[in-house]
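Participant: This one is data_2.cif, mmCIF, C-alpha atoms and all ligand atoms.
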```cif
data_query
loop_
_atom_site.group_PDB
_atom_site.id
_atom_site.type_symbol
_atom_site.label_atom_id
_atom_site.label_comp_id
_atom_site.auth_asym_id
_atom_site.auth_seq_id
_atom_site.Cartn_x
_atom_site.Cartn_y
_atom_site.Cartn_z
ATOM 1 C CA MET A 1 0.000 0.000 0.000
ATOM 2 C CA ALA A 2 1.260 3.496 -0.863
ATOM 3 C CA LEU A 3 2.483 5.569 2.032
ATOM 4 C CA ASP A 4 0.398 8.702 2.569
ATOM 5 C CA ILE A 5 2.494 11.820 3.053
ATOM 6 C CA LYS A 6 0.990 15.016 4.432
ATOM 7 C CA ILE A 7 2.824 18.308 4.384
ATOM 8 C CA CYS A 8 1.108 20.526 6.888
ATOM 9 C CA GLY A 9 0.973 24.239 7.588
ATOM 10 C CA LEU A 10 1.339 25.530 4.026
ATOM 11 C CA LYS A 11 0.875 29.237 3.416
ATOM 12 C CA THR A 12 2.364 30.017 0.014
ATOM 13 C CA SER A 13 1.883 28.859 -3.564
ATOM 14 C CA GLU A 14 5.606 27.959 -3.720
ATOM 15 C CA ALA A 15 5.300 25.605 -0.761
ATOM 16 C CA VAL A 16 2.071 24.101 -2.101
ATOM 17 C CA ALA A 17 3.720 23.527 -5.494
ATOM 18 C CA ALA A 18 6.771 21.916 -3.880
ATOM 19 C CA ALA A 19 4.637 19.560 -1.800
ATOM 20 C CA LEU A 20 2.509 18.578 -4.798
ATOM 21 C CA ASP A 21 5.456 18.195 -7.180
ATOM 22 C CA CYS A 22 7.226 15.979 -4.660
ATOM 23 C CA GLY A 23 4.159 13.745 -4.488
ATOM 24 C CA ALA A 24 2.359 14.688 -1.279
ATOM 25 C CA SER A 25 -0.903 12.788 -0.908
ATOM 26 C CA HIS A 26 -2.237 15.392 1.542
ATOM 27 C CA ILE A 27 -1.576 19.066 2.150
ATOM 28 C CA GLY A 28 -2.700 20.786 5.333
ATOM 29 C CA PHE A 29 -3.855 24.308 6.095
ATOM 30 C CA ILE A 30 -3.902 25.485 9.714
ATOM 31 C CA PHE A 31 -6.806 27.536 10.993
ATOM 32 C CA PHE A 32 -5.625 28.460 14.466
ATOM 33 C CA ALA A 33 -4.912 32.099 15.251
ATOM 34 C CA LYS A 34 -1.963 31.468 17.584
ATOM 35 C CA SER A 35 -0.085 29.391 15.037
ATOM 36 C CA PRO A 36 2.701 30.855 12.885
ATOM 37 C CA ARG A 37 1.101 28.720 10.157
ATOM 38 C CA ASN A 38 -2.344 30.240 10.549
ATOM 39 C CA ILE A 39 -3.998 31.054 7.251
ATOM 40 C CA ASP A 40 -7.300 32.731 6.459
ATOM 41 C CA PRO A 41 -9.938 30.715 4.604
ATOM 42 C CA GLU A 42 -9.844 33.016 1.557
ATOM 43 C CA THR A 43 -6.104 32.528 1.030
ATOM 44 C CA ALA A 44 -6.374 28.798 1.666
ATOM 45 C CA GLY A 45 -9.283 28.672 -0.773
ATOM 46 C CA ARG A 46 -7.063 30.199 -3.460
ATOM 47 C CA LEU A 47 -4.092 27.940 -2.708
ATOM 48 C CA ARG A 48 -6.132 24.772 -2.583
ATOM 49 C CA GLY A 49 -6.977 25.003 -6.297
ATOM 50 C CA ALA A 50 -3.555 23.645 -7.239
ATOM 51 C CA ALA A 51 -4.262 20.456 -5.309
ATOM 52 C CA ARG A 52 -7.460 19.502 -7.136
ATOM 53 C CA GLY A 53 -6.989 16.035 -8.592
ATOM 54 C CA ARG A 54 -3.490 15.790 -7.121
ATOM 55 C CA ALA A 55 -3.727 15.675 -3.342
ATOM 56 C CA ASN A 56 -6.224 15.772 -0.513
ATOM 57 C CA VAL A 57 -6.651 19.124 1.168
ATOM 58 C CA VAL A 58 -6.871 18.888 4.947
ATOM 59 C CA ALA A 59 -8.289 21.728 7.035
ATOM 60 C CA VAL A 60 -6.764 21.636 10.517
ATOM 61 C CA THR A 61 -8.816 23.170 13.332
ATOM 62 C CA VAL A 62 -8.689 23.188 17.118
ATOM 63 C CA ASP A 63 -12.022 22.880 18.946
ATOM 64 C CA ALA A 64 -13.634 24.977 16.214
ATOM 65 C CA ASP A 65 -17.300 25.905 16.488
ATOM 66 C CA ASP A 66 -19.809 25.375 13.700
ATOM 67 C CA ALA A 67 -19.559 28.961 12.459
ATOM 68 C CA MET A 68 -15.813 28.638 11.939
ATOM 69 C CA LEU A 69 -16.124 25.225 10.318
ATOM 70 C CA ASP A 70 -18.954 26.482 8.085
ATOM 71 C CA ALA A 71 -16.728 29.283 6.784
ATOM 72 C CA ILE A 72 -13.752 26.971 6.211
ATOM 73 C CA VAL A 73 -15.770 24.261 4.483
ATOM 74 C CA LYS A 74 -17.570 26.772 2.253
ATOM 75 C CA THR A 75 -14.475 28.754 1.266
ATOM 76 C CA VAL A 76 -11.738 26.112 1.192
ATOM 77 C CA GLU A 77 -13.720 23.047 0.088
ATOM 78 C CA PRO A 78 -11.372 20.723 1.968
ATOM 79 C CA ASP A 79 -11.311 16.993 1.324
ATOM 80 C CA MET A 80 -10.847 16.229 5.002
ATOM 81 C CA LEU A 81 -11.153 17.909 8.391
ATOM 82 C CA GLN A 82 -8.399 17.371 10.950
ATOM 83 C CA LEU A 83 -9.574 17.963 14.505
ATOM 84 C CA HIS A 84 -6.545 18.830 16.610
ATOM 85 C CA GLY A 85 -8.154 19.903 19.872
ATOM 86 C CA SER A 86 -10.030 18.044 22.564
ATOM 87 C CA GLU A 87 -12.983 17.150 20.347
ATOM 88 C CA THR A 88 -14.999 14.318 21.893
ATOM 89 C CA PRO A 89 -16.243 11.287 19.939
ATOM 90 C CA GLU A 90 -19.688 12.940 20.024
ATOM 91 C CA ARG A 91 -18.297 16.119 18.452
ATOM 92 C CA VAL A 92 -16.539 14.052 15.776
ATOM 93 C CA THR A 93 -19.880 12.397 14.963
ATOM 94 C CA GLU A 94 -21.628 15.788 14.819
ATOM 95 C CA ILE A 95 -18.988 17.266 12.505
ATOM 96 C CA LYS A 96 -19.049 14.271 10.192
ATOM 97 C CA ALA A 97 -22.835 14.456 9.944
ATOM 98 C CA ARG A 98 -22.870 18.239 9.391
ATOM 99 C CA TYR A 99 -20.299 18.350 6.600
ATOM 100 C CA GLY A 100 -20.230 14.840 5.151
ATOM 101 C CA LEU A 101 -16.437 14.998 5.057
ATOM 102 C CA PRO A 102 -13.915 12.486 6.351
ATOM 103 C CA VAL A 103 -12.495 13.439 9.714
ATOM 104 C CA MET A 104 -8.994 12.786 11.025
ATOM 105 C CA LYS A 105 -8.855 13.067 14.820
ATOM 106 C CA ALA A 106 -5.496 13.991 16.317
ATOM 107 C CA LEU A 107 -4.501 12.299 19.568
ATOM 108 C CA SER A 108 -1.395 13.151 21.533
ATOM 109 C CA ILE A 109 0.856 10.329 22.641
ATOM 110 C CA ARG A 110 3.551 10.107 25.287
ATOM 111 C CA ASP A 111 3.306 6.600 26.694
ATOM 112 C CA ALA A 112 1.285 3.417 26.334
ATOM 113 C CA THR A 113 -1.546 4.718 28.524
ATOM 114 C CA ASP A 114 -2.286 7.324 25.849
ATOM 115 C CA LEU A 115 -3.381 4.526 23.518
ATOM 116 C CA ASP A 116 -6.453 4.159 25.766
ATOM 117 C CA ALA A 117 -7.835 7.292 24.096
ATOM 118 C CA ILE A 118 -8.106 5.475 20.759
ATOM 119 C CA PRO A 119 -11.048 3.011 21.074
ATOM 120 C CA PRO A 120 -13.824 5.628 21.563
ATOM 121 C CA TYR A 121 -12.942 7.112 18.166
ATOM 122 C CA ILE A 122 -12.843 3.829 16.262
ATOM 123 C CA GLY A 123 -15.674 3.652 13.755
ATOM 124 C CA LEU A 124 -16.317 7.403 14.177
ATOM 125 C CA ALA A 125 -13.153 9.140 12.963
ATOM 126 C CA ASP A 126 -12.057 8.053 9.497
ATOM 127 C CA ARG A 127 -8.435 8.213 10.506
ATOM 128 C CA LEU A 128 -6.336 9.118 13.534
ATOM 129 C CA LEU A 129 -3.226 11.262 13.665
ATOM 130 C CA PHE A 130 -0.771 10.503 16.425
ATOM 131 C CA ASP A 131 1.199 13.546 17.499
ATOM 132 C CA ALA A 132 3.503 14.245 20.436
ATOM 133 C CA LYS A 133 2.144 15.945 23.514
ATOM 134 C CA PRO A 134 3.001 19.653 23.386
ATOM 135 C CA PRO A 135 5.903 20.732 25.591
ATOM 136 C CA LYS A 136 4.935 22.392 28.894
ATOM 137 C CA GLY A 137 3.776 25.959 28.302
ATOM 138 C CA ALA A 138 3.457 25.516 24.533
ATOM 139 C CA GLU A 139 0.762 27.629 22.902
ATOM 140 C CA LEU A 140 0.118 25.149 20.137
ATOM 141 C CA PRO A 141 -1.419 21.682 20.404
ATOM 142 C CA GLY A 142 0.538 20.663 17.294
ATOM 143 C CA GLY A 143 3.316 21.856 15.065
ATOM 144 C CA ASN A 144 5.832 21.905 17.913
ATOM 145 C CA GLY A 145 8.504 19.873 16.134
ATOM 146 C CA VAL A 146 8.619 17.374 18.975
ATOM 147 C CA ALA A 147 8.661 13.614 18.465
ATOM 148 C CA PHE A 148 7.259 10.997 20.814
ATOM 149 C CA ASP A 149 8.621 7.555 21.595
ATOM 150 C CA TRP A 150 7.478 5.660 18.502
ATOM 151 C CA SER A 151 7.996 2.294 20.213
ATOM 152 C CA VAL A 152 4.771 3.018 22.131
ATOM 153 C CA LEU A 153 2.899 2.222 18.904
ATOM 154 C CA ALA A 154 4.133 -1.378 18.991
ATOM 155 C CA ALA A 155 1.079 -2.089 21.160
ATOM 156 C CA LEU A 156 -1.292 -0.565 18.594
ATOM 157 C CA ASP A 157 -4.053 -2.683 17.042
ATOM 158 C CA GLY A 158 -2.857 -3.296 13.474
ATOM 159 C CA ASN A 159 -6.273 -2.353 12.054
ATOM 160 C CA VAL A 160 -6.031 1.257 13.219
ATOM 161 C CA ASP A 161 -5.501 3.605 10.283
ATOM 162 C CA TYR A 162 -3.372 6.578 11.238
ATOM 163 C CA MET A 163 -0.799 9.181 10.306
ATOM 164 C CA LEU A 164 2.381 9.409 12.330
ATOM 165 C CA SER A 165 3.231 12.963 13.267
ATOM 166 C CA GLY A 166 5.383 15.043 15.571
ATOM 167 C CA GLY A 167 8.963 16.118 15.009
ATOM 168 C CA LEU A 168 9.489 14.152 11.813
ATOM 169 C CA ASN A 169 12.236 15.302 9.462
ATOM 170 C CA ALA A 170 14.582 13.985 6.781
ATOM 171 C CA GLY A 171 16.993 12.790 9.443
ATOM 172 C CA ASN A 172 14.621 10.628 11.464
ATOM 173 C CA ILE A 173 11.902 9.511 9.055
ATOM 174 C CA ALA A 174 13.670 6.260 8.141
ATOM 175 C CA GLU A 175 13.843 5.201 11.779
ATOM 176 C CA ALA A 176 10.249 6.325 12.416
ATOM 177 C CA LEU A 177 9.018 4.183 9.527
ATOM 178 C CA ARG A 178 11.186 1.255 10.565
ATOM 179 C CA GLN A 179 9.741 1.282 14.074
ATOM 180 C CA THR A 180 6.102 1.920 13.191
ATOM 181 C CA ASN A 181 5.466 0.904 9.588
ATOM 182 C CA ALA A 182 2.987 3.791 9.677
ATOM 183 C CA PRO A 183 0.452 3.925 6.817
ATOM 184 C CA GLY A 184 0.760 7.711 6.703
ATOM 185 C CA ILE A 185 3.180 10.396 7.859
ATOM 186 C CA ASP A 186 2.770 14.093 8.534
ATOM 187 C CA VAL A 187 5.416 16.799 8.769
ATOM 188 C CA SER A 188 5.431 20.517 9.425
ATOM 189 C CA SER A 189 8.354 22.017 11.413
ATOM 190 C CA GLY A 190 10.772 19.514 9.875
ATOM 191 C CA VAL A 191 10.432 21.191 6.481
ATOM 192 C CA GLU A 192 10.690 24.773 7.765
ATOM 193 C CA ILE A 193 13.616 27.169 8.083
ATOM 194 C CA ALA A 194 11.745 29.249 10.681
ATOM 195 C CA PRO A 195 8.390 28.759 12.420
ATOM 196 C CA GLY A 196 5.744 28.859 9.718
ATOM 197 C CA GLU A 197 8.260 29.280 6.882
ATOM 198 C CA LYS A 198 8.346 26.244 4.645
ATOM 199 C CA ASP A 199 11.501 25.633 2.632
ATOM 200 C CA VAL A 200 11.318 24.026 -0.788
ATOM 201 C CA ARG A 201 14.704 22.335 -0.390
ATOM 202 C CA LEU A 202 13.724 20.847 2.966
ATOM 203 C CA ILE A 203 10.480 19.543 1.468
ATOM 204 C CA GLU A 204 12.443 17.899 -1.349
ATOM 205 C CA GLU A 205 14.981 16.507 1.114
ATOM 206 C CA PHE A 206 12.167 15.046 3.222
ATOM 207 C CA PHE A 207 10.686 13.217 0.227
ATOM 208 C CA ARG A 208 14.121 11.956 -0.805
ATOM 209 C CA ALA A 209 14.614 10.551 2.682
ATOM 210 C CA VAL A 210 11.193 8.893 2.614
ATOM 211 C CA ARG A 211 11.904 7.346 -0.766
ATOM 212 C CA ALA A 212 15.288 6.106 0.361
ATOM 213 C CA ALA A 213 13.662 4.516 3.396
ATOM 214 C CA THR A 214 10.848 2.749 1.622
ATOM 215 C CA ASN A 215 9.726 1.728 -1.805
ATOM 216 C CA ARG A 216 6.074 2.140 -0.760
ATOM 217 C CA SER A 217 5.758 5.718 -2.015
HETATM 218 O O1 LIG A 301 1.197 23.279 13.026
HETATM 219 C C1 LIG A 301 0.570 24.032 13.762
HETATM 220 O O2 LIG A 301 0.937 25.213 13.964
HETATM 221 C C2 LIG A 301 -0.665 23.547 14.445
HETATM 222 C C3 LIG A 301 -1.339 24.422 15.274
HETATM 223 C C4 LIG A 301 -2.497 24.020 15.924
HETATM 224 C C5 LIG A 301 -2.974 22.737 15.742
HETATM 225 C C6 LIG A 301 -2.309 21.842 14.911
HETATM 226 C C7 LIG A 301 -1.158 22.231 14.265
HETATM 227 N N1 LIG A 301 -0.473 21.351 13.452
HETATM 228 C C8 LIG A 301 -1.048 20.102 13.094
HETATM 229 C C9 LIG A 301 -0.249 19.174 12.285
HETATM 230 O O3 LIG A 301 -0.840 18.306 11.646
HETATM 231 C C10 LIG A 301 1.256 19.189 12.326
HETATM 232 O O4 LIG A 301 1.726 18.803 11.091
HETATM 233 C C11 LIG A 301 1.691 18.185 13.382
HETATM 234 O O5 LIG A 301 1.339 18.665 14.633
HETATM 235 C C12 LIG A 301 3.224 17.934 13.332
HETATM 236 O O6 LIG A 301 3.927 19.107 13.485
HETATM 237 P P1 LIG A 301 5.533 19.072 13.588
HETATM 238 O O7 LIG A 301 5.881 18.371 14.836
HETATM 239 O O8 LIG A 301 5.906 20.493 13.575
HETATM 240 O O9 LIG A 301 6.025 18.344 12.365
#
```
The structure in this file should be written as structure tokens.
Facilitator:
Amino acid sequence: MALDIKICGLKTSEAVAAALDCGASHIGFIFFAKSPRNIDPETAGRLRGAARGRANVVAVTVDADDAMLDAIVKTVEPDMLQLHGSETPERVTEIKARYGLPVMKALSIRDATDLDAIPPYIGLADRLLFDAKPPKGAELPGGNGVAFDWSVLAALDGNVDYMLSGGLNAGNIAEALRQTNAPGIDVSSGVEIAPGEKDVRLIEEFFRAVRAATNRS
């Protein structure tokens, strides 16, 4: 099965083009005011055009209300919603019913006990995204460039579909894939030269590293 690769936190047409040309299966736009990757729906709506027929557009939100989601869905026409806050299984169900879009629920992982959060979302979320817990005092629930101990996922039920996320970069992706055999991967800080500033060369380097590590993509 092909490895899904999501490049998250895109803000410019250059970065979108680089991700698409390198073969990203998913590109992510962040709608969270405190993030250096925050983008307004109008700009994201313009950028997303390049991805039609090439990659899935993922709108990333954090405990967003219906009004915010309405505006994003209408203006951006995303292929998927990523819920990166403390959305409950009930809220996931509500959002899926309201928009008819696939939902990827982010869960933060530090140790094996964090896997207990998974079962309530099975059959509700279309996919999970496993990210590291934010460092103490961090303002962002994601995009912190921090990895978690991937060996924790050894205890994961093999039927769980997920993206591996958190602190991935060209230097560690081979080991991350070796340990997890993840069906999808997601990167943001690891392809940036400064917070929120994607770098075309780092995106290309990331894909080269993925391709060197696996012949699945
Ligand atoms: O990236 C952000 O700024 C962000 C802000 C608020 C919620 C989620 C956010 N990112 C979600 C992602 O999917 C990131 O790609 C993921 O957390 C991994 O980020 P990184 O560790 O920087 O590669």
Participant: If the box runs along x, y and z of the file and leaves 6 Å on each side of ligand LIG 301 (chain A), what are its centre and edge lengths in Å, one decimal, as lines of an AutoDock Vina configuration file?
Facilitator:
```
center_x = 1.5
center_y = 21.6
center_z = 13.5
size_x = 21.0
size_y = 19.3
size_z = 16.8
```
Participant: Any idea what the distance is between atom C8 of ligand LIG 301 (chain A) and atom CA of A:Ala44?
Facilitator: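 According to the coordinates, atom C8 of ligand LIG 301 (chain A) and atom CA of A:Ala44 are separated by 15.3 Å.
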Participant: Please identify the residues whose atoms come within 9 Å of ligand LIG 301 (chain A), using only C-alpha atoms and all ligand atoms, and report them as a PyMOL selection string.
Facilitator: chain A and resi 6-9+28-38+60-62+82-85+106+129-132+134+139-147+164-169+186-192+195-196
Participant: Hey, can you check how far atom CA of A:Ile95 sits from atom CA of A:Thr12?
Facilitator: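 Atom-to-atom, atom CA of A:Ile95 to atom CA of A:Thr12, that is 27.8 Å.
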Participant: Closest to A:Ile118 among A:Ala138, A:Ala97, A:Met1, A:Leu153, using all atoms listed in the file?
Facilitator: A:Leu153
Participant: So, with all atoms listed in the file as the atoms that count, which of A:Asp70, A:Ala125, A:Val76, A:Asp63 lies closest to A:Ala51?
Facilitator: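 Comparing A:Asp70, A:Ala125, A:Val76, A:Asp63 against A:Ala51, the winner is A:Val76.
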Participant: Pick the closest to A:Ser151 from A:Asp111, A:Asp126, A:Glu197, A:Asp116: which is it, counting all atoms listed in the file?
Facilitator: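 Counting all atoms listed in the file, the residue closest to A:Ser151 is A:Asp111.
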Participant: Identify, on the basis of all atoms listed in the file, every residue whose closest approach to A:Asn56 does not exceed 12 Å; exclude the query and any residue fewer than 4 positions from it along the same chain; express the result as an MDAnalysis selection string.
Facilitator: chainID A and resid 4:8 16 19:20 23:29 48:52 76:82 101:102
Participant: Work out how far apart atom CA of A:Ala154 and atom CA of A:Thr180 are and give it in Å to one decimal.
Facilitator: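 Interatomic distance, atom CA of A:Ala154 to atom CA of A:Thr180: 7.0 Å.
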Participant: Restricting the calculation to only C-alpha atoms, which member of A:Ala182, A:Leu124, A:Leu156, A:Ala15 is positioned closest to A:Leu47?
Facilitator: A:Ala15
Participant: My list of candidates is A:Cys22, A:Arg208, A:Met163, A:Ala17. Which is closest to A:Arg127 when distances are computed with only C-alpha atoms?
Facilitator: A:Met163
Participant: Rank nothing, just name the residue among A:Val73, A:Ile173, A:Pro119, A:Lys198 nearest to A:Asn159, using all atoms listed in the file.
Facilitator: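 Using all atoms listed in the file, the shortest distance to A:Asn159 belongs to A:Pro119.
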Participant: Compile the contact shell of A:Ala213 as a PyMOL selection string: residues with an atom at most 10 Å away, counting all atoms listed in the file, same-chain residues fewer than 2 positions apart removed.
Facilitator: chain A and resi 173-178+207-211+215-217
Participant: Excluding A:Ala71 and its own-chain neighbours fewer than 4 positions away, which residues fall within 8 Å of it when counting all atoms listed in the file? Please give them as a ChimeraX atom specification.
Facilitator: /A:41,67,75
